[in-house]
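Quick look at entry-v5.cif (mmCIF, C-alpha atoms and all ligand atoms):
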```cif
data_structure
loop_
_atom_site.label_atom_id
_atom_site.label_comp_id
_atom_site.auth_asym_id
_atom_site.auth_seq_id
_atom_site.Cartn_x
_atom_site.Cartn_y
_atom_site.Cartn_z
CA MET A 1017 15.15 20.21 -2.76
CA ASN A 1018 16.29 21.25 0.70
CA VAL A 1019 19.85 20.04 1.16
CA SER A 1020 20.75 22.19 4.17
CA ALA A 1021 22.19 20.35 7.16
CA ILE A 1022 19.76 19.37 9.90
CA ASP A 1023 20.52 20.32 13.53
CA PHE A 1024 20.99 17.43 15.97
CA ILE A 1025 19.45 19.72 18.60
CA ASP A 1026 17.89 23.10 17.81
CA LEU A 1027 18.13 25.59 20.69
CA LYS A 1028 17.71 28.67 18.49
CA THR A 1029 14.01 28.24 17.72
CA GLN A 1030 13.26 27.91 21.42
CA GLN A 1031 15.34 31.02 22.17
CA GLN A 1032 13.37 33.07 19.64
CA ARG A 1033 10.17 31.88 21.27
CA ILE A 1034 11.11 32.89 24.84
CA LEU A 1035 13.46 35.81 24.11
CA PRO A 1036 11.50 38.73 25.68
CA ASP A 1037 10.88 36.82 28.94
CA LEU A 1038 14.46 35.51 28.95
CA GLU A 1039 15.94 38.99 28.52
CA ARG A 1040 13.66 40.48 31.17
CA ARG A 1041 14.61 37.81 33.72
CA MET A 1042 18.34 38.01 32.99
CA LYS A 1043 18.25 41.81 33.17
CA GLU A 1044 16.60 41.59 36.60
CA VAL A 1045 19.54 39.54 37.85
CA LEU A 1046 21.97 42.13 36.45
CA CYS A 1047 19.98 44.81 38.30
CA HIS A 1048 19.77 43.18 41.74
CA GLY A 1049 23.29 41.71 41.44
CA GLN A 1050 22.74 38.69 43.69
CA TYR A 1051 24.65 36.35 41.40
CA ILE A 1052 24.98 33.64 44.08
CA MET A 1053 21.76 32.25 45.61
CA GLY A 1054 19.65 35.18 44.41
CA PRO A 1055 15.84 35.13 44.65
CA GLU A 1056 15.53 33.32 41.29
CA VAL A 1057 17.05 30.17 42.85
CA GLY A 1058 14.29 29.83 45.45
CA GLU A 1059 11.64 30.66 42.87
CA LEU A 1060 13.03 27.98 40.56
CA GLU A 1061 13.14 25.39 43.35
CA ALA A 1062 9.49 26.01 44.23
CA LYS A 1063 8.45 25.63 40.58
CA LEU A 1064 10.58 22.51 40.03
CA ALA A 1065 9.14 20.89 43.17
CA ALA A 1066 5.59 21.71 42.08
CA TYR A 1067 6.20 20.41 38.55
CA THR A 1068 7.56 17.05 39.70
CA GLY A 1069 5.28 16.67 42.71
CA SER A 1070 8.25 16.45 45.09
CA ARG A 1071 8.23 18.06 48.52
CA HIS A 1072 11.71 19.52 48.02
CA ALA A 1073 13.81 20.63 45.05
CA ILE A 1074 17.42 21.68 45.58
CA ALA A 1075 18.94 23.44 42.56
CA VAL A 1076 22.63 22.65 42.10
CA ALA A 1077 25.57 23.32 39.77
CA SER A 1078 25.22 20.30 37.43
CA GLY A 1079 23.72 16.85 37.07
CA THR A 1080 27.05 15.42 38.16
CA ASP A 1081 26.93 17.49 41.36
CA ALA A 1082 23.32 16.43 41.90
CA LEU A 1083 24.45 12.78 41.94
CA LEU A 1084 27.44 13.58 44.17
CA ILE A 1085 25.33 15.59 46.62
CA ALA A 1086 22.68 12.83 46.79
CA LEU A 1087 25.32 10.17 47.50
CA MET A 1088 27.07 12.38 50.09
CA ALA A 1089 23.77 13.17 51.84
CA LEU A 1090 23.17 9.43 52.17
CA GLY A 1091 26.64 9.03 53.69
CA ILE A 1092 28.01 6.80 50.91
CA GLY A 1093 31.77 6.32 51.24
CA PRO A 1094 34.72 3.92 51.17
CA GLY A 1095 33.77 0.25 51.49
CA ASP A 1096 30.20 0.84 50.37
CA GLU A 1097 28.65 -0.59 47.23
CA VAL A 1098 26.09 1.15 45.04
CA ILE A 1099 24.14 -0.83 42.46
CA THR A 1100 23.85 0.94 39.11
CA SER A 1101 23.64 0.51 35.34
CA PRO A 1102 26.69 -0.05 33.15
CA PHE A 1103 24.89 1.57 30.18
CA THR A 1104 24.93 5.28 31.00
CA PHE A 1105 26.98 8.46 30.88
CA ILE A 1106 30.21 8.18 32.89
CA ALA A 1107 29.05 10.54 35.70
CA THR A 1108 26.72 7.92 37.19
CA GLY A 1109 29.47 5.43 38.05
CA GLU A 1110 32.09 8.13 38.41
CA MET A 1111 30.45 9.88 41.38
CA ILE A 1112 30.05 6.56 43.22
CA ALA A 1113 33.75 5.80 42.74
CA LEU A 1114 34.83 9.39 43.51
CA LEU A 1115 33.45 8.91 47.05
CA GLY A 1116 35.53 5.75 47.44
CA ALA A 1117 32.54 3.45 47.04
CA THR A 1118 32.28 0.68 44.44
CA PRO A 1119 29.82 0.79 41.54
CA VAL A 1120 28.24 -2.65 41.25
CA PHE A 1121 26.76 -2.96 37.78
CA VAL A 1122 23.70 -4.97 36.84
CA ASP A 1123 22.83 -5.53 33.21
CA ILE A 1124 20.04 -3.74 31.40
CA ASP A 1125 16.73 -4.75 29.88
CA PRO A 1126 17.32 -5.11 26.12
CA ARG A 1127 14.17 -3.20 25.15
CA SER A 1128 14.17 -0.20 27.54
CA TYR A 1129 17.99 -0.01 28.01
CA ASN A 1130 17.30 0.59 31.73
CA MET A 1131 18.49 -1.52 34.68
CA ASP A 1132 16.84 -4.94 34.67
CA PRO A 1133 15.19 -5.26 38.12
CA ALA A 1134 15.28 -9.07 37.88
CA ARG A 1135 19.07 -8.92 38.15
CA ILE A 1136 19.31 -6.70 41.25
CA GLU A 1137 18.88 -9.30 44.03
CA ALA A 1138 21.87 -11.30 42.80
CA ALA A 1139 24.08 -8.19 43.05
CA LEU A 1140 23.15 -7.30 46.65
CA THR A 1141 25.73 -7.83 49.40
CA SER A 1142 26.05 -6.76 53.03
CA ARG A 1143 27.97 -3.72 51.72
CA THR A 1144 25.18 -2.50 49.39
CA LYS A 1145 24.15 0.99 50.53
CA ALA A 1146 21.95 2.26 47.68
CA ILE A 1147 20.49 1.49 44.26
CA LEU A 1148 21.08 4.08 41.53
CA PRO A 1149 19.04 3.33 38.39
CA VAL A 1150 19.33 5.55 35.32
CA SER A 1151 16.28 6.67 33.34
CA LEU A 1152 18.06 6.48 30.00
CA TYR A 1153 17.10 8.36 26.82
CA GLY A 1154 14.14 9.98 28.61
CA GLN A 1155 12.13 6.99 29.89
CA CYS A 1156 12.05 6.12 33.58
CA ALA A 1157 13.47 2.86 34.82
CA ASP A 1158 11.06 0.32 36.37
CA PHE A 1159 10.73 2.05 39.74
CA ALA A 1160 7.83 -0.07 41.03
CA ALA A 1161 10.01 -3.17 40.84
CA ILE A 1162 13.21 -1.42 41.95
CA ASN A 1163 11.56 0.31 44.93
CA ALA A 1164 9.99 -2.99 46.03
CA ILE A 1165 13.40 -4.70 46.11
CA ALA A 1166 14.99 -1.70 47.85
CA GLY A 1167 12.18 -1.64 50.40
CA ARG A 1168 12.68 -5.31 51.28
CA HIS A 1169 16.37 -4.59 51.98
CA GLY A 1170 15.98 -1.15 53.57
CA LEU A 1171 17.97 0.59 50.82
CA PRO A 1172 17.52 4.12 49.44
CA VAL A 1173 17.00 4.55 45.69
CA ILE A 1174 18.53 7.46 43.75
CA GLU A 1175 17.15 8.09 40.26
CA ASP A 1176 19.65 9.40 37.72
CA GLY A 1177 16.97 11.38 35.92
CA CYS A 1178 19.47 13.53 34.02
CA GLN A 1179 17.80 12.53 30.73
CA SER A 1180 14.22 12.03 31.90
CA PHE A 1181 13.07 15.29 33.50
CA GLY A 1182 9.40 15.67 32.53
CA ALA A 1183 8.78 11.98 31.81
CA LEU A 1184 5.81 10.21 33.41
CA TYR A 1185 5.97 6.85 35.16
CA LYS A 1186 2.57 5.42 36.16
CA GLY A 1187 1.16 8.94 36.54
CA LYS A 1188 4.10 10.37 38.51
CA ARG A 1189 6.96 12.50 37.24
CA SER A 1190 10.58 11.46 36.91
CA CYS A 1191 12.66 12.60 39.91
CA ALA A 1192 9.69 12.11 42.25
CA LEU A 1193 9.75 8.31 42.07
CA SER A 1194 12.29 7.32 44.71
CA THR A 1195 14.22 8.44 47.81
CA ILE A 1196 16.14 11.06 45.80
CA GLY A 1197 15.82 12.12 42.16
CA CYS A 1198 18.67 13.86 40.35
CA THR A 1199 18.54 15.77 37.09
CA SER A 1200 20.75 17.86 34.81
CA PHE A 1201 20.10 21.18 33.11
CA PHE A 1202 23.04 20.85 30.69
CA PRO A 1203 22.04 22.87 27.60
CA SER A 1204 21.11 19.86 25.45
CA LYS A 1205 18.98 18.09 28.08
CA PRO A 1206 15.17 18.22 27.76
CA LEU A 1207 15.18 21.17 30.21
CA GLY A 1208 18.52 22.90 29.74
CA CYS A 1209 20.02 26.22 30.82
CA TYR A 1210 22.81 28.23 29.16
CA GLY A 1211 25.64 26.58 31.06
CA ASP A 1212 25.75 23.93 33.75
CA GLY A 1213 22.93 23.27 36.19
CA GLY A 1214 21.07 20.47 37.92
CA ALA A 1215 18.73 19.61 40.77
CA CYS A 1216 18.04 17.08 43.54
CA PHE A 1217 14.51 16.14 44.58
CA THR A 1218 13.18 14.38 47.67
CA ASP A 1219 10.13 14.09 49.91
CA ASP A 1220 12.34 13.55 52.96
CA ASP A 1221 12.82 16.73 55.06
CA GLU A 1222 16.06 15.53 56.68
CA LEU A 1223 17.64 14.48 53.40
CA ALA A 1224 16.62 17.80 51.85
CA ALA A 1225 18.30 19.70 54.69
CA MET A 1226 21.40 17.53 54.34
CA MET A 1227 21.57 18.10 50.56
CA ARG A 1228 21.21 21.88 51.07
CA GLN A 1229 24.07 21.64 53.56
CA VAL A 1230 26.31 19.59 51.25
CA ARG A 1231 25.62 22.11 48.46
CA VAL A 1232 27.42 24.83 50.49
CA HIS A 1233 30.49 23.18 51.99
CA GLY A 1234 28.56 21.26 54.64
CA GLN A 1235 27.53 24.55 56.23
CA ASP A 1236 24.40 24.70 58.40
CA ARG A 1237 24.85 28.35 59.41
CA ARG A 1238 27.41 30.92 58.34
CA TYR A 1239 30.97 29.63 58.82
CA HIS A 1240 29.79 26.61 60.80
CA HIS A 1241 30.46 23.24 59.12
CA PRO A 1242 29.14 20.02 60.72
CA ALA A 1243 29.88 17.98 57.58
CA LEU A 1244 32.02 17.92 54.46
CA GLY A 1245 30.39 19.42 51.41
CA ILE A 1246 31.20 21.01 48.07
CA ASN A 1247 30.53 24.23 46.20
CA GLY A 1248 27.52 22.84 44.36
CA ARG A 1249 25.34 25.94 43.94
CA ILE A 1250 23.55 26.85 40.72
CA ASP A 1251 24.22 30.36 39.36
CA THR A 1252 21.37 32.84 39.79
CA LEU A 1253 21.64 33.66 36.06
CA GLN A 1254 21.08 30.00 35.16
CA ALA A 1255 18.07 29.88 37.48
CA ALA A 1256 16.67 32.91 35.61
CA VAL A 1257 17.20 31.14 32.27
CA LEU A 1258 15.45 28.02 33.60
CA LEU A 1259 12.46 30.06 34.87
CA ALA A 1260 11.95 31.40 31.34
CA LYS A 1261 12.34 27.93 29.81
CA LEU A 1262 9.97 26.31 32.32
CA GLU A 1263 7.14 28.47 30.90
CA VAL A 1264 7.26 26.54 27.62
CA PHE A 1265 8.57 23.23 28.98
CA PRO A 1266 5.22 21.38 29.35
CA ASP A 1267 4.44 22.23 25.72
CA GLU A 1268 7.91 21.10 24.67
CA VAL A 1269 7.43 17.78 26.47
CA THR A 1270 4.26 17.27 24.42
CA GLU A 1271 6.11 18.15 21.22
CA ARG A 1272 8.94 15.73 22.08
CA GLY A 1273 6.30 13.01 22.41
CA ARG A 1274 4.88 14.01 19.01
CA VAL A 1275 8.30 13.83 17.33
CA GLY A 1276 9.07 10.46 18.94
CA ALA A 1277 5.73 8.98 17.89
CA ARG A 1278 6.14 10.33 14.34
CA TYR A 1279 9.66 8.86 14.10
CA ASN A 1280 8.28 5.47 15.22
CA VAL A 1281 5.67 5.48 12.47
CA LEU A 1282 7.94 6.79 9.71
CA LEU A 1283 10.82 4.43 10.50
CA GLY A 1284 8.52 1.41 10.69
CA ASP A 1285 10.55 -1.77 11.00
CA SER A 1286 13.62 -0.48 9.11
CA VAL A 1287 15.39 -0.11 12.49
CA VAL A 1288 14.67 -1.12 16.10
CA THR A 1289 12.66 1.86 17.37
CA PRO A 1290 12.45 2.85 21.08
CA TYR A 1291 10.24 0.67 23.28
CA LEU A 1292 7.95 2.38 25.78
CA ALA A 1293 7.09 0.22 28.79
CA PRO A 1294 3.43 0.19 29.95
CA GLY A 1295 2.60 3.33 31.98
CA CYS A 1296 5.69 5.17 30.71
CA SER A 1297 6.17 8.22 28.56
CA SER A 1298 9.50 9.43 27.24
CA VAL A 1299 10.86 12.96 26.91
CA TYR A 1300 13.30 11.58 24.31
CA ALA A 1301 16.44 13.25 25.60
CA GLN A 1302 17.73 11.05 22.80
CA TYR A 1303 15.70 9.37 20.09
CA THR A 1304 17.78 6.21 19.85
CA VAL A 1305 17.37 3.31 17.44
CA GLN A 1306 19.36 0.13 16.83
CA VAL A 1307 21.00 -0.64 13.51
CA ALA A 1308 23.41 -3.25 12.22
CA ASN A 1309 26.49 -1.85 10.42
CA ARG A 1310 26.24 1.35 12.45
CA ALA A 1311 29.44 2.99 11.18
CA GLN A 1312 28.27 2.59 7.58
CA VAL A 1313 24.80 3.93 8.34
CA GLN A 1314 26.23 6.92 10.21
CA LYS A 1315 28.57 7.71 7.34
CA ALA A 1316 25.76 7.59 4.77
CA LEU A 1317 23.61 9.85 6.94
CA ALA A 1318 26.45 12.31 7.52
CA ASP A 1319 26.93 12.51 3.74
CA ALA A 1320 23.23 13.34 3.44
CA GLY A 1321 23.56 16.18 5.99
CA ILE A 1322 21.95 14.27 8.85
CA PRO A 1323 23.92 14.23 12.11
CA THR A 1324 23.81 11.20 14.39
CA ALA A 1325 25.47 10.32 17.71
CA VAL A 1326 26.14 7.24 19.80
CA HIS A 1327 24.94 7.16 23.41
CA TYR A 1328 27.08 5.33 24.50
CA PRO A 1329 29.76 3.43 22.57
CA VAL A 1330 31.53 1.93 25.63
CA PRO A 1331 29.68 0.61 28.71
CA LEU A 1332 31.10 1.82 32.02
CA HIS A 1333 32.63 -1.54 33.06
CA LEU A 1334 34.81 -1.45 29.91
CA GLN A 1335 36.04 2.12 30.48
CA PRO A 1336 39.77 2.24 31.30
CA VAL A 1337 39.05 4.14 34.53
CA PHE A 1338 37.07 1.15 35.83
CA SER A 1339 39.53 -1.53 34.67
CA SER A 1340 40.51 -2.13 38.32
CA LEU A 1341 37.04 -3.61 38.85
CA GLY A 1342 38.25 -6.51 36.71
CA LEU A 1343 35.06 -6.73 34.67
CA GLY A 1344 35.98 -7.87 31.17
CA ARG A 1345 33.97 -8.39 28.01
CA GLN A 1346 30.80 -10.47 28.37
CA SER A 1347 30.33 -9.28 31.97
CA PHE A 1348 27.16 -7.46 30.88
CA PRO A 1349 26.32 -8.83 27.42
CA VAL A 1350 23.04 -6.92 26.99
CA ALA A 1351 24.71 -3.55 27.61
CA GLU A 1352 27.65 -4.53 25.40
CA ALA A 1353 25.38 -5.55 22.52
CA ALA A 1354 23.40 -2.30 22.82
CA ALA A 1355 26.60 -0.24 22.84
CA GLU A 1356 27.50 -1.69 19.43
CA ARG A 1357 24.16 -1.02 17.78
CA VAL A 1358 22.56 2.14 19.23
CA MET A 1359 22.40 5.34 17.20
CA SER A 1360 20.65 8.58 18.14
CA LEU A 1361 18.86 10.72 15.54
CA PRO A 1362 18.23 14.49 15.58
CA MET A 1363 15.72 15.24 18.35
CA HIS A 1364 14.16 18.46 19.60
CA PRO A 1365 10.62 19.77 20.14
CA TYR A 1366 10.69 21.94 17.02
CA LEU A 1367 11.48 19.17 14.53
CA GLY A 1368 8.84 19.58 11.79
CA GLU A 1369 7.29 17.17 9.33
CA PRO A 1370 9.52 18.05 6.31
CA ASP A 1371 12.71 17.36 8.31
CA LEU A 1372 11.21 14.20 9.84
CA LEU A 1373 10.33 12.92 6.36
CA ARG A 1374 13.80 13.73 5.05
CA ILE A 1375 15.62 12.13 8.00
CA THR A 1376 13.55 8.95 8.03
CA GLU A 1377 13.78 8.51 4.26
CA GLN A 1378 17.57 8.77 4.48
CA VAL A 1379 17.70 6.36 7.44
CA ARG A 1380 15.68 3.75 5.57
CA LEU A 1381 17.92 4.21 2.51
CA ALA A 1382 21.15 4.04 4.52
CA VAL A 1383 20.01 0.89 6.33
CA LYS A 1384 19.02 -0.81 3.07
CA GLU A 1385 22.33 0.03 1.42
CA SER A 1386 24.42 -1.04 4.42
CA VAL A 1387 23.43 -4.71 4.25
C1 LIG B 1 24.04 14.47 31.42
C2 LIG B 1 24.08 13.32 32.34
C3 LIG B 1 24.73 13.38 33.59
C4 LIG B 1 25.58 14.54 34.01
O1 LIG B 1 24.96 15.78 33.97
P1 LIG B 1 25.87 17.11 33.88
O2 LIG B 1 24.88 18.21 34.09
O3 LIG B 1 26.48 17.13 32.52
O4 LIG B 1 26.88 17.04 34.95
C5 LIG B 1 24.64 12.28 34.42
N1 LIG B 1 23.97 11.16 34.07
C6 LIG B 1 23.35 11.07 32.87
C7 LIG B 1 22.60 9.81 32.56
C8 LIG B 1 23.39 12.12 31.97
O5 LIG B 1 22.80 12.00 30.78
#
```

Would you put the structure from the file into structure tokens?
Amino acid sequence: MNVSAIDFIDLKTQQQRILPDLERRMKEVLCHGQYIMGPEVGELEAKLAAYTGSRHAIAVASGTDALLIALMALGIGPGDEVITSPFTFIATGEMIALLGATPVFVDIDPRSYNMDPARIEAALTSRTKAILPVSLYGQCADFAAINAIAGRHGLPVIEDGCQSFGALYKGKRSCALSTIGCTSFFPSKPLGCYGDGGACFTDDDELAAMMRQVRVHGQDRRYHHPALGINGRIDTLQAAVLLAKLEVFPDEVTERGRVGARYNVLLGDSVVTPYLAPGCSSVYAQYTVQVANRAQVQKALADAGIPTAVHYPVPLHLQPVFSSLGLGRQSFPVAEAAAERVMSLPMHPYLGEPDLLRITEQVRLAVKESV
């Protein structure tokens, strides 16, 4: 019997697979020495744009910076409101608030965990300046509905696609579905580098130019600064890593789909498995189920050598940093209920059948024993 611990995410198998190409590309950077904005950055941007079907890709220092740069390029600031999801990683709401704007949360759909478009209209005010849906766990939010509402009110839409890079929505790729798409290349994301990285995507030439400007201190030409910006550049070495990883990424997206589908079958109705909306695929940044008695189930699984995680235990409106918004419990009951029940299982493209069988058997056992 195999009792070794299972990895939550396995980056080593991928590294073995791409090692020669990875080493060659990293060595090239060490040879030319252009560590900041070297040729690999432009090459990466061209390939990212082609992959998503966007006109422009702007590679940046992290997913958080991608969100910040997108919001800054749109001129979001004090007094403005940005509609977003309360059920996400902190960065989404954090970057809105960092610019002095107010995150206005709308509750999520209980099946997809993404912003419920039916609740957006009620949250709009004269101060609303943008809508920022999150494509959580690897599946895109309902952009047809969200873009239609935004269009009626003349609002830009920013996709937080930090978990969904590679996912398809009605035949189009995540990050190419709205005014601006943002993604993260944090190591554990579906496409990750060996440090921090991210990217912004848009079809709009002016917004692309503005985002490039914000990325380097609001500079349009050397030492000339028409606007405020940040140091939001990606490292050339990380761009080289991403170029090597992009070679196998389409195959990995397929494998993620295989693992997700296999999980769904093997778990059956022992837990609430992920729901895929019509026309959507998921890259399963997280394979997340719902269980009752989560703490007990997690403990039993940990004892069996199976790591789990919770994405996310506290919705943004209940985070201490957002207490000044005055949004107490029951403000967003769907997000709050999800936060108490969600549990993510090990997920990566190299998860094989023996491990899948072992994990799912233990999950079914743990769920049965927890009631
Ligand atoms: C990871 C993540 C971010 C932040 O990305 P970083 O690269 O870690 O800065 C933002 N939003 C969501 C939904 C994420 O999952």

Near Met1131 of chain A, counting all atoms listed in the file, which residues have an atom at most 12 Å away, once you skip same-chain residues fewer than 2 positions from it, shown as JSON, numbers by chain? {"A": [1099, 1100, 1101, 1102, 1103, 1104, 1120, 1121, 1122, 1123, 1124, 1125, 1126, 1127, 1128, 1129, 1133, 1134, 1135, 1136, 1147, 1148, 1149, 1150, 1151, 1152, 1155, 1156, 1157, 1158, 1159, 1161, 1162, 1175, 1176, 1348, 1350, 1351]}

To test the calculation: enclose all listed atoms of segment 1142-1161 of chain A in a box whose edges run along x, y and z, add 3 Å on each side, then state centre and edge lengths in Å to one decimal, as JSON.
```
{"center_x": 17.9, "center_y": 1.6, "center_z": 39.9, "size_x": 26.1, "size_y": 22.7, "size_z": 32.2}
```

Considering only C-alpha atoms and all ligand atoms, can you say which of A:Arg1374, A:Lys1205, A:Lys1315, A:Arg1040 comes closest to ligand LIG 1 (chain B)? A:Lys1205

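The interatomic distance for the pair atom CA of Glu1369 of chain A and atom CA of Gly1208 of chain A works out to 24.0 Å.
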
Surroundings of ligand LIG 1 (chain B) up to 6 Å, based on all atoms listed in the file, as a PyMOL selection string: chain A and resi 1078-1080+1104-1105+1107-1108+1176+1178-1179+1200-1202+1212-1214

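Using all atoms listed in the file, the protein and nucleic acid residues lying no more than 9 Å from segment 1029-1035 of chain A, apart from those fewer than 4 places from it along its own chain, are Glu1039, Arg1040, Ala1260, Lys1261, Glu1263, Val1264, Pro1365 and Tyr1366 of chain A.
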
Which neighbours of Arg1041 of chain A fall inside 10 Å, counting all atoms listed in the file, when residues of the same chain fewer than 4 positions from it are skipped, and could you give them as a PDB file with C-alpha atoms, keeping the file's coordinate frame?
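This is the output file part-v3.pdb:
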```pdb
ATOM      1  CA  LEU A1035      13.460  35.810  24.110  1.00  0.00           C
ATOM      2  CA  PRO A1036      11.500  38.730  25.680  1.00  0.00           C
ATOM      3  CA  ASP A1037      10.880  36.820  28.940  1.00  0.00           C
ATOM      4  CA  VAL A1045      19.540  39.540  37.850  1.00  0.00           C
ATOM      5  CA  LEU A1046      21.970  42.130  36.450  1.00  0.00           C
ATOM      6  CA  CYS A1047      19.980  44.810  38.300  1.00  0.00           C
ATOM      7  CA  GLU A1056      15.530  33.320  41.290  1.00  0.00           C
ATOM      8  CA  LEU A1253      21.640  33.660  36.060  1.00  0.00           C
ATOM      9  CA  ALA A1255      18.070  29.880  37.480  1.00  0.00           C
ATOM     10  CA  ALA A1256      16.670  32.910  35.610  1.00  0.00           C
ATOM     11  CA  VAL A1257      17.200  31.140  32.270  1.00  0.00           C
ATOM     12  CA  LEU A1258      15.450  28.020  33.600  1.00  0.00           C
ATOM     13  CA  LEU A1259      12.460  30.060  34.870  1.00  0.00           C
ATOM     14  CA  ALA A1260      11.950  31.400  31.340  1.00  0.00           C
TER      15      ALA A1260
END
```

Straight-line distance linking atom CA of Val1288 of chain A with atom CA of Ala1308 of chain A, stated in Å to one decimal: 9.8 Å

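Distance-wise, atom CA of Thr1068 of chain A and atom CA of Arg1168 of chain A end up 25.7 Å apart.
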
Name the residues, using the chain letters and numbers of the file, that sit within 8 Å of (13.2, 12.9, 39.4) when counting all atoms listed in the file, and give them as a ChimeraX atom specification. /A:1068,1175-1177,1180-1181,1189-1194,1196-1199,1216-1217

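The smallest atom-to-atom distance between Arg1143 of chain A and any of A:Val1307, A:Ile1092, A:Val1299, A:Val1230, using all atoms listed in the file, is found for A:Ile1092.
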
From the list A:Leu1381, A:Ala1215, A:Ala1318, A:Ala1325, the nearest residue to Leu1283 of chain A using all atoms listed in the file is A:Leu1381

Show me the residues around (31.4, 18.9, 49.4) - criterion: an atom at most 6 Å away, all atoms listed in the file counted - as JSON, numbers by chain. {"A": [1230, 1233, 1244, 1245, 1246]}

Just the residues within 9 Å of Pro1362 of chain A, please, counting all atoms listed in the file, with nothing from its chain fewer than 4 positions along; format it as an MDAnalysis selection string. chainID A and resid 1022:1026 1302:1303 1322:1325 1367 1375

Completed segment 1147-1152 of chain A (all heavy atoms) as a compact mmCIF listing (two decimals), in the frame of the given file:
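Dumped to out-v3.txt:
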```txt
# COMPACT_ATOMS: atom_id res chain seq x y z
N ILE A 1147 20.70 1.89 45.65
CA ILE A 1147 20.49 1.49 44.26
C ILE A 1147 20.32 2.76 43.44
O ILE A 1147 19.57 3.66 43.84
CB ILE A 1147 19.25 0.57 44.11
CG1 ILE A 1147 19.36 -0.63 45.07
CG2 ILE A 1147 19.12 0.08 42.67
CD1 ILE A 1147 18.13 -1.55 45.05
N LEU A 1148 21.06 2.85 42.33
CA LEU A 1148 21.08 4.08 41.53
C LEU A 1148 20.73 3.76 40.07
O LEU A 1148 21.61 3.63 39.23
CB LEU A 1148 22.48 4.72 41.63
CG LEU A 1148 22.65 6.23 41.40
CD1 LEU A 1148 24.09 6.66 41.61
CD2 LEU A 1148 22.14 6.71 40.07
N PRO A 1149 19.43 3.60 39.77
CA PRO A 1149 19.04 3.33 38.39
C PRO A 1149 19.10 4.61 37.54
O PRO A 1149 18.96 5.71 38.07
CB PRO A 1149 17.60 2.83 38.50
CG PRO A 1149 17.15 3.14 39.89
CD PRO A 1149 18.28 3.67 40.68
N VAL A 1150 19.29 4.43 36.26
CA VAL A 1150 19.33 5.55 35.32
C VAL A 1150 18.08 5.48 34.44
O VAL A 1150 17.71 4.40 33.99
CB VAL A 1150 20.59 5.47 34.43
CG1 VAL A 1150 20.66 6.64 33.45
CG2 VAL A 1150 21.85 5.39 35.28
N SER A 1151 17.44 6.62 34.23
CA SER A 1151 16.28 6.67 33.34
C SER A 1151 16.77 7.14 31.97
O SER A 1151 16.71 8.32 31.64
CB SER A 1151 15.21 7.60 33.92
OG SER A 1151 14.75 7.08 35.16
N LEU A 1152 17.29 6.16 31.20
CA LEU A 1152 18.06 6.48 30.00
C LEU A 1152 17.18 6.92 28.83
O LEU A 1152 16.08 6.40 28.64
CB LEU A 1152 18.90 5.27 29.60
CG LEU A 1152 20.11 5.59 28.73
CD1 LEU A 1152 21.19 6.30 29.55
CD2 LEU A 1152 20.69 4.34 28.08
```
